[in-house]
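J.: Quick one, my_file_27.cif (mmCIF, C-alpha atoms):
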```cif
data_query
#
loop_
_atom_site.label_atom_id
_atom_site.label_comp_id
_atom_site.auth_asym_id
_atom_site.auth_seq_id
_atom_site.Cartn_x
_atom_site.Cartn_y
_atom_site.Cartn_z
CA MET A 1 -12.97 22.17 42.53
CA GLY A 2 -14.70 19.49 44.60
CA THR A 3 -16.34 16.22 43.67
CA LEU A 4 -20.08 16.39 42.92
CA THR A 5 -22.13 13.26 43.58
CA PHE A 6 -25.84 12.61 43.22
CA LYS A 7 -28.02 10.39 45.41
CA GLU A 8 -30.82 9.15 43.17
CA SER A 9 -32.92 7.85 46.10
CA ASN A 10 -33.66 11.32 47.49
CA HIS A 11 -32.55 13.49 44.55
CA THR A 12 -29.71 15.07 46.55
CA TYR A 13 -26.54 16.67 45.20
CA LEU A 14 -23.45 16.47 47.41
CA LEU A 15 -20.22 18.40 46.99
CA ASP A 16 -17.49 16.60 48.91
CA GLY A 17 -20.24 15.27 51.18
CA ALA A 18 -21.99 18.63 51.78
CA ILE A 19 -25.55 18.95 50.50
CA LEU A 20 -26.10 21.55 47.78
CA PRO A 21 -29.57 22.86 46.98
CA SER A 22 -30.80 21.83 43.56
CA VAL A 23 -32.21 24.24 41.01
CA THR A 24 -35.52 22.36 41.37
CA THR A 25 -35.52 22.91 45.15
CA ILE A 26 -34.74 26.62 44.77
CA LEU A 27 -37.59 26.99 42.26
CA ARG A 28 -40.08 25.16 44.49
CA PRO A 29 -41.95 28.27 45.75
CA LEU A 30 -42.71 29.24 42.15
CA SER A 31 -43.41 25.72 40.86
CA ASN A 32 -45.72 25.05 43.83
CA GLU A 33 -47.78 28.10 42.84
CA ILE A 34 -48.10 26.75 39.31
CA TYR A 35 -48.75 23.09 40.11
CA ASN A 36 -50.37 23.04 43.59
CA HIS A 37 -53.90 22.73 42.16
CA ILE A 38 -53.03 19.48 40.35
CA ASP A 39 -53.76 16.12 41.98
CA PRO A 40 -50.49 14.72 43.49
CA GLU A 41 -51.13 11.35 41.81
CA ILE A 42 -51.25 13.03 38.40
CA LEU A 43 -47.99 14.87 39.21
CA ARG A 44 -46.33 11.57 40.22
CA PHE A 45 -47.49 9.96 36.98
CA ALA A 46 -46.15 12.91 34.95
CA ALA A 47 -42.81 12.81 36.80
CA ASP A 48 -42.48 9.07 36.15
CA LYS A 49 -43.24 9.60 32.45
CA GLY A 50 -40.64 12.39 32.28
CA THR A 51 -38.00 10.20 33.96
CA LYS A 52 -38.62 7.35 31.52
CA VAL A 53 -38.48 9.63 28.47
CA HIS A 54 -35.30 11.35 29.71
CA PHE A 55 -33.66 7.96 30.24
CA ALA A 56 -34.71 6.80 26.77
CA THR A 57 -33.28 9.92 25.11
CA GLU A 58 -30.08 9.48 27.13
CA LEU A 59 -29.76 5.85 25.98
CA TYR A 60 -30.39 6.94 22.41
CA ASP A 61 -27.79 9.74 22.50
CA THR A 62 -25.15 7.81 24.42
CA PHE A 63 -25.43 4.33 22.91
CA GLY A 64 -27.76 4.64 19.89
CA ILE A 65 -30.26 2.36 21.65
CA TYR A 66 -33.97 2.82 20.88
CA GLU A 67 -35.71 1.46 23.97
CA ILE A 68 -38.84 2.79 25.65
CA ASP A 69 -42.26 1.64 26.85
CA GLU A 70 -44.64 1.13 23.94
CA ASN A 71 -47.03 3.85 25.16
CA LEU A 72 -44.17 6.40 25.30
CA LYS A 73 -42.60 5.77 21.87
CA GLY A 74 -44.05 8.99 20.44
CA PHE A 75 -41.91 11.04 22.84
CA LEU A 76 -38.70 9.34 21.72
CA ASP A 77 -39.75 9.61 18.07
CA ALA A 78 -40.32 13.34 18.59
CA TYR A 79 -36.82 13.67 20.06
CA ILE A 80 -35.24 11.84 17.11
CA LYS A 81 -37.22 14.01 14.68
CA PHE A 82 -35.99 17.17 16.45
CA LYS A 83 -32.36 16.01 16.20
CA ARG A 84 -32.77 15.29 12.49
CA ASP A 85 -34.66 18.53 11.72
CA TYR A 86 -32.12 20.75 13.49
CA LYS A 87 -29.03 18.73 12.48
CA VAL A 88 -28.00 18.62 16.13
CA GLU A 89 -24.50 17.80 17.35
CA ILE A 90 -24.35 16.58 20.95
CA ILE A 91 -21.89 18.33 23.27
CA SER A 92 -23.14 16.83 26.55
CA VAL A 93 -25.94 14.59 27.81
CA GLU A 94 -27.47 14.75 31.33
CA LYS A 95 -24.54 16.73 32.73
CA ARG A 96 -24.53 17.09 36.50
CA SER A 97 -22.89 20.30 37.60
CA TYR A 98 -22.88 23.02 40.23
CA HIS A 99 -22.34 26.76 40.35
CA HIS A 100 -18.75 27.41 41.38
CA GLN A 101 -19.54 30.51 43.51
CA LEU A 102 -23.20 30.13 44.58
CA PHE A 103 -23.02 26.38 45.28
CA TYR A 104 -26.31 25.16 43.86
CA ALA A 105 -26.50 22.11 41.62
CA GLY A 106 -28.52 20.56 38.86
CA THR A 107 -28.57 18.30 35.83
CA ILE A 108 -28.39 19.90 32.41
CA ASP A 109 -30.41 17.80 29.95
CA ARG A 110 -28.43 18.70 26.85
CA ILE A 111 -25.81 21.05 25.54
CA LEU A 112 -26.06 20.99 21.76
CA LEU A 113 -24.45 22.56 18.76
CA ILE A 114 -27.19 23.97 16.51
CA ASN A 115 -26.30 26.18 13.54
CA ASN A 116 -22.79 26.72 14.97
CA LYS A 117 -24.23 27.98 18.28
CA ILE A 118 -23.89 26.30 21.67
CA VAL A 119 -27.42 25.83 22.99
CA LEU A 120 -28.34 24.63 26.48
CA VAL A 121 -31.63 22.73 26.16
CA ASP A 122 -34.08 21.48 28.78
CA ILE A 123 -36.34 18.60 27.70
CA LYS A 124 -39.96 18.61 28.85
CA THR A 125 -42.79 16.10 28.47
CA THR A 126 -45.46 18.16 30.21
CA ASN A 127 -48.74 19.09 28.53
CA GLU A 128 -47.99 22.79 28.93
CA ILE A 129 -44.78 24.79 29.11
CA HIS A 130 -44.71 27.51 31.77
CA GLU A 131 -42.25 29.72 29.96
CA SER A 132 -41.39 31.96 32.91
CA LEU A 133 -40.56 28.98 35.14
CA VAL A 134 -38.56 27.18 32.45
CA SER A 135 -36.65 30.37 31.57
CA ILE A 136 -35.58 30.74 35.20
CA GLN A 137 -34.61 27.07 35.45
CA VAL A 138 -32.57 27.01 32.25
CA SER A 139 -30.93 30.35 33.09
CA ALA A 140 -29.74 28.81 36.36
CA TYR A 141 -28.23 25.89 34.46
CA GLU A 142 -26.55 28.26 32.02
CA GLN A 143 -24.94 30.16 34.87
CA MET A 144 -23.59 26.91 36.33
CA GLU A 145 -21.71 26.45 33.06
CA CYS A 146 -20.64 30.10 32.91
CA SER A 147 -19.23 29.88 36.44
CA TYR A 148 -16.55 27.61 34.93
CA GLY A 149 -15.88 29.88 31.98
CA GLU A 150 -17.96 27.79 29.55
CA LYS A 151 -19.72 29.65 26.74
CA ILE A 152 -23.45 29.23 26.04
CA ASP A 153 -24.89 31.14 23.09
CA GLU A 154 -28.59 30.38 23.59
CA ILE A 155 -30.93 28.68 26.04
CA ALA A 156 -33.98 26.73 24.92
CA VAL A 157 -36.71 24.26 25.83
CA LEU A 158 -37.68 21.19 23.83
CA LYS A 159 -41.22 19.97 24.51
CA LEU A 160 -41.75 16.40 23.35
CA ASN A 161 -45.29 15.23 22.63
CA LYS A 162 -46.82 11.75 22.80
CA ASP A 163 -47.98 12.00 19.17
CA GLY A 164 -44.38 12.23 17.88
CA THR A 165 -44.34 16.02 17.43
CA TYR A 166 -42.25 18.54 19.30
CA VAL A 167 -41.97 22.25 20.04
CA PHE A 168 -38.50 23.78 20.20
CA GLN A 169 -38.34 27.29 21.61
CA TYR A 170 -35.49 29.64 22.44
CA LEU A 171 -35.90 31.35 25.82
CA ASN A 172 -35.17 34.74 27.31
CA ARG A 173 -32.66 34.67 30.12
CA SER A 174 -34.09 35.13 33.64
CA PHE A 175 -31.15 34.68 35.98
CA ASP A 176 -32.11 37.73 38.07
CA ASP A 177 -35.39 35.99 38.89
CA PHE A 178 -33.48 32.86 39.86
CA LEU A 179 -31.22 34.92 42.15
CA ALA A 180 -34.31 36.32 43.91
CA LEU A 181 -35.57 32.76 44.56
CA TYR A 182 -32.06 31.70 45.59
CA LYS A 183 -31.98 34.48 48.21
CA VAL A 184 -35.38 33.39 49.55
CA HIS A 185 -34.14 29.79 49.74
CA MET A 186 -31.04 30.85 51.68
CA MET A 187 -33.13 32.96 54.08
CA ILE A 188 -35.48 30.02 54.77
CA LYS A 189 -32.46 27.78 55.35
CA LYS A 190 -31.07 30.26 57.90
CA VAL A 191 -34.38 30.42 59.75
CA LYS A 192 -34.59 26.62 59.91
CA GLU A 193 -31.04 26.34 61.26
CA LYS A 194 -31.83 28.56 64.26
#
```
Step by step, read the file and then write its structure as structure tokens.

T.:
Amino acid sequence: MGTLTFKESNHTYLLDGAILPSVTTILRPLSNEIYNHIDPEILRFAADKGTKVHFATELYDTFGIYEIDENLKGFLDAYIKFKRDYKVEIISVEKRSYHHQLFYAGTIDRILLINNKIVLVDIKTTNEIHESLVSIQVSAYEQMECSYGEKIDEIAVLKLNKDGTYVFQYLNRSFDDFLALYKVHMMIKKVKEK
């Protein structure tokens, strides 16, 4: 097993110095179809908001620190409410990993114990959840864990809202769809290398 590192500046995963494609990169053809009609400035703003909220939830889970921009407090409050409502036990927070055989990488937002089940959860702050896209994404993360013999009982998405509410939803697995996108990604890579 090699050493996985992450370069924050260009969102690149490296395994012993070799670049691995991220789950986000592999999903790009599908996500572009969903989001290409949205103004790039709005997408940048949404990405920045998501990064800040993820960092705040990570601080809260790791150190018990409640710290976030005033205008984003509702998102963190929603996260805390979810944890209380579901009596969540944290297994892992923002876990960077890679698939042991397929060599793609990603960051798993949370692995939680909920009702004695191990649940892999992706946290979203978007206005709308595109269930098919999220199912594929979270299935890819699940299979990263499974490639090391780890057990995941359920996959889910947690949508945090600015008003302090949340939507928690279990997802259907869609790893076959991810594999189709993975094959397309590898074919494009081959073409570019020629």

J.: With all atoms listed in the file as the counted atoms, please give the residues lying no more than 10 Å from range 159-172 of chain A, apart from itself and same-chain residues fewer than 2 positions off, as a PyMOL selection string.

T.: chain A and resi 50+53+71-82+86+119-129+131-132+134-136+138-139+154-157+174-175

J.: Enumerate, as number ranges by chain, the residues matched when the PyMOL selection byres ((chain A and resi 13) around 9) is run on the file above.

T.: A: 4-8, 11-12, 14-15, 17-22, 96, 98, 104-106

J.: Residues picked by the PyMOL selection byres ((chain A and resi 118) around 9) here, as a PyMOL selection string?

T.: chain A and resi 91+111-117+119-120+151-155

J.: Can you tell me which residues surround Glu58 in chain A at a distance of at most 12 Å, considering only C-alpha atoms, apart from same-chain residues fewer than 6 positions away, and format the answer as a list in words?

T.: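 So the residues in contact are Thr51, Lys52, Gly64, Ile65, Tyr66, Glu67, Ile68, Leu76, Tyr79, Ile80, Ile90, Ser92, Val93, Glu94, Lys95, Ile108, Asp109, Arg110 and Ile123 of chain A.
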
J.: Expressed in Å to a single decimal, how great is the separation between CA of Val184 in chain A and CA of His99 in chain A?

T.: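 One can read the CA of Val184 in chain A to CA of His99 in chain A distance as 17.3 Å.
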
J.: Name the residues in contact with Met186 in chain A at a cut-off of 12 Å, using only C-alpha atoms, excluding same-chain residues fewer than 6 positions from it; report them as a short mmCIF file (atom, residue, chain, number, x, y, z; two decimals) with C-alpha atoms, in the frame of the given file.

T.:
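File written: result-v4.cif
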```cif
data_model
loop_
_atom_site.label_atom_id
_atom_site.label_comp_id
_atom_site.auth_asym_id
_atom_site.auth_seq_id
_atom_site.Cartn_x
_atom_site.Cartn_y
_atom_site.Cartn_z
CA LEU A 20 -26.10 21.55 47.78
CA PRO A 21 -29.57 22.86 46.98
CA THR A 25 -35.52 22.91 45.15
CA ILE A 26 -34.74 26.62 44.77
CA LEU A 102 -23.20 30.13 44.58
CA PHE A 103 -23.02 26.38 45.28
CA TYR A 104 -26.31 25.16 43.86
CA LEU A 179 -31.22 34.92 42.15
CA ALA A 180 -34.31 36.32 43.91
CA LYS A 192 -34.59 26.62 59.91
CA GLU A 193 -31.04 26.34 61.26
#
```

J.: Please compute the CA of Asp16 in chain A-CA of Leu59 in chain A distance, one decimal, in Å.

T.: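 Pair CA of Asp16 in chain A / CA of Leu59 in chain A returns 28.1 Å.
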
J.: So how far away is CA of Lys194 in chain A from CA of Gln137 in chain A, in Å?

T.: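 For CA of Gln137 in chain A relative to CA of Lys194 in chain A, the distance reads 29.0 Å.
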
J.: From the list A:Glu41, A:Glu150, A:Asp85, A:Ala140, which residue is nearest Tyr182 in chain A when using only C-alpha atoms?

T.: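 Residue with the minimum atom-to-atom distance to Tyr182 in chain A: A:Ala140.
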
J.: For a quick check of understanding, using only C-alpha atoms, which of A:Lys87, A:His100, A:His54, A:Arg28 has the smallest distance to Gly149 in chain A?

T.: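 With only C-alpha atoms as the atom set, the closest residue is A:His100.
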
J.: Write only all heavy atoms for range 86-98 of chain A from the block just shown, as an mmCIF file, in the first residue's frame.

T.:
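Wrote part_32.cif, looks like this:
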```
data_model
loop_
_atom_site.group_PDB
_atom_site.id
_atom_site.type_symbol
_atom_site.label_atom_id
_atom_site.label_comp_id
_atom_site.auth_asym_id
_atom_site.auth_seq_id
_atom_site.Cartn_x
_atom_site.Cartn_y
_atom_site.Cartn_z
ATOM 1 N N TYR A 86 -30.074 11.943 15.060
ATOM 2 C CA TYR A 86 -29.753 10.568 14.676
ATOM 3 C C TYR A 86 -28.817 9.865 15.667
ATOM 4 O O TYR A 86 -28.432 8.725 15.425
ATOM 5 C CB TYR A 86 -29.165 10.531 13.259
ATOM 6 C CG TYR A 86 -30.231 10.632 12.190
ATOM 7 C CD1 TYR A 86 -30.755 11.862 11.815
ATOM 8 C CD2 TYR A 86 -30.739 9.491 11.584
ATOM 9 C CE1 TYR A 86 -31.745 11.947 10.844
ATOM 10 C CE2 TYR A 86 -31.727 9.564 10.613
ATOM 11 C CZ TYR A 86 -32.229 10.805 10.248
ATOM 12 O OH TYR A 86 -33.217 10.891 9.293
ATOM 13 N N LYS A 87 -28.434 10.557 16.722
ATOM 14 C CA LYS A 87 -27.541 9.975 17.736
ATOM 15 C C LYS A 87 -26.294 9.350 17.085
ATOM 16 O O LYS A 87 -25.950 8.186 17.291
ATOM 17 C CB LYS A 87 -28.278 8.955 18.594
ATOM 18 C CG LYS A 87 -29.422 9.565 19.378
ATOM 19 C CD LYS A 87 -30.220 8.520 20.110
ATOM 20 C CE LYS A 87 -31.357 9.103 20.908
ATOM 21 N NZ LYS A 87 -32.418 9.714 20.159
ATOM 22 N N VAL A 88 -25.662 10.168 16.280
ATOM 23 C CA VAL A 88 -24.537 9.759 15.440
ATOM 24 C C VAL A 88 -23.283 9.499 16.271
ATOM 25 O O VAL A 88 -22.974 10.241 17.197
ATOM 26 C CB VAL A 88 -24.251 10.883 14.412
ATOM 27 C CG1 VAL A 88 -22.914 10.717 13.748
ATOM 28 C CG2 VAL A 88 -25.360 10.953 13.389
ATOM 29 N N GLU A 89 -22.558 8.447 15.908
ATOM 30 C CA GLU A 89 -21.197 8.227 16.400
ATOM 31 C C GLU A 89 -20.265 8.371 15.208
ATOM 32 O O GLU A 89 -20.502 7.783 14.146
ATOM 33 C CB GLU A 89 -21.050 6.832 17.000
ATOM 34 C CG GLU A 89 -21.712 6.672 18.348
ATOM 35 C CD GLU A 89 -21.464 5.280 18.935
ATOM 36 O OE1 GLU A 89 -20.289 4.843 18.953
ATOM 37 O OE2 GLU A 89 -22.450 4.648 19.316
ATOM 38 N N ILE A 90 -19.217 9.145 15.372
ATOM 39 C CA ILE A 90 -18.271 9.411 14.288
ATOM 40 C C ILE A 90 -17.266 8.261 14.203
ATOM 41 O O ILE A 90 -16.641 7.888 15.193
ATOM 42 C CB ILE A 90 -17.498 10.722 14.539
ATOM 43 C CG1 ILE A 90 -18.450 11.898 14.725
ATOM 44 C CG2 ILE A 90 -16.479 10.969 13.441
ATOM 45 C CD1 ILE A 90 -19.082 12.425 13.494
ATOM 46 N N ILE A 91 -17.103 7.723 13.000
ATOM 47 C CA ILE A 91 -16.051 6.735 12.743
ATOM 48 C C ILE A 91 -14.868 7.430 12.070
ATOM 49 O O ILE A 91 -13.722 7.247 12.460
ATOM 50 C CB ILE A 91 -16.579 5.563 11.887
ATOM 51 C CG1 ILE A 91 -17.651 4.792 12.665
ATOM 52 C CG2 ILE A 91 -15.426 4.639 11.474
ATOM 53 C CD1 ILE A 91 -18.360 3.717 11.869
ATOM 54 N N SER A 92 -15.151 8.243 11.037
ATOM 55 C CA SER A 92 -14.072 9.004 10.405
ATOM 56 C C SER A 92 -14.607 10.315 9.847
ATOM 57 O O SER A 92 -15.790 10.434 9.511
ATOM 58 C CB SER A 92 -13.370 8.191 9.311
ATOM 59 O OG SER A 92 -14.188 8.071 8.177
ATOM 60 N N VAL A 93 -13.688 11.288 9.749
ATOM 61 C CA VAL A 93 -14.004 12.641 9.295
ATOM 62 C C VAL A 93 -13.047 13.005 8.164
ATOM 63 O O VAL A 93 -11.827 12.910 8.330
ATOM 64 C CB VAL A 93 -13.851 13.653 10.451
ATOM 65 C CG1 VAL A 93 -14.057 15.083 9.976
ATOM 66 C CG2 VAL A 93 -14.790 13.317 11.598
ATOM 67 N N GLU A 94 -13.610 13.409 7.014
ATOM 68 C CA GLU A 94 -12.804 13.880 5.868
ATOM 69 C C GLU A 94 -11.641 12.921 5.584
ATOM 70 O O GLU A 94 -10.478 13.303 5.552
ATOM 71 C CB GLU A 94 -12.294 15.299 6.110
ATOM 72 C CG GLU A 94 -13.394 16.335 6.279
ATOM 73 C CD GLU A 94 -14.242 16.573 5.030
ATOM 74 O OE1 GLU A 94 -13.695 16.523 3.916
ATOM 75 O OE2 GLU A 94 -15.460 16.812 5.182
ATOM 76 N N LYS A 95 -11.984 11.680 5.332
ATOM 77 C CA LYS A 95 -10.985 10.623 5.113
ATOM 78 C C LYS A 95 -10.563 10.583 3.647
ATOM 79 O O LYS A 95 -11.355 10.306 2.765
ATOM 80 C CB LYS A 95 -11.578 9.272 5.520
ATOM 81 C CG LYS A 95 -10.618 8.119 5.345
ATOM 82 C CD LYS A 95 -11.249 6.809 5.753
ATOM 83 C CE LYS A 95 -10.264 5.656 5.625
ATOM 84 N NZ LYS A 95 -10.899 4.387 5.998
ATOM 85 N N ARG A 96 -9.288 10.842 3.413
ATOM 86 C CA ARG A 96 -8.739 10.729 2.056
ATOM 87 C C ARG A 96 -8.338 9.286 1.833
ATOM 88 O O ARG A 96 -7.685 8.664 2.675
ATOM 89 C CB ARG A 96 -7.545 11.649 1.888
ATOM 90 C CG ARG A 96 -7.988 13.099 1.894
ATOM 91 C CD ARG A 96 -6.917 14.037 1.379
ATOM 92 N NE ARG A 96 -7.480 15.367 1.332
ATOM 93 C CZ ARG A 96 -7.156 16.349 2.163
ATOM 94 N NH1 ARG A 96 -6.245 16.150 3.082
ATOM 95 N NH2 ARG A 96 -7.723 17.530 2.049
ATOM 96 N N SER A 97 -8.735 8.761 0.676
ATOM 97 C CA SER A 97 -8.480 7.358 0.398
ATOM 98 C C SER A 97 -8.386 7.151 -1.111
ATOM 99 O O SER A 97 -8.606 8.077 -1.891
ATOM 100 C CB SER A 97 -9.612 6.508 0.992
ATOM 101 O OG SER A 97 -9.299 5.132 0.902
ATOM 102 N N TYR A 98 -8.059 5.923 -1.492
ATOM 103 C CA TYR A 98 -8.042 5.571 -2.919
ATOM 104 C C TYR A 98 -8.464 4.118 -3.066
ATOM 105 O O TYR A 98 -8.388 3.335 -2.121
ATOM 106 C CB TYR A 98 -6.668 5.831 -3.544
ATOM 107 C CG TYR A 98 -5.566 4.917 -3.090
ATOM 108 C CD1 TYR A 98 -5.222 3.780 -3.822
ATOM 109 C CD2 TYR A 98 -4.845 5.190 -1.927
ATOM 110 C CE1 TYR A 98 -4.207 2.937 -3.403
ATOM 111 C CE2 TYR A 98 -3.820 4.352 -1.502
ATOM 112 C CZ TYR A 98 -3.506 3.229 -2.246
ATOM 113 O OH TYR A 98 -2.494 2.385 -1.836
#
```
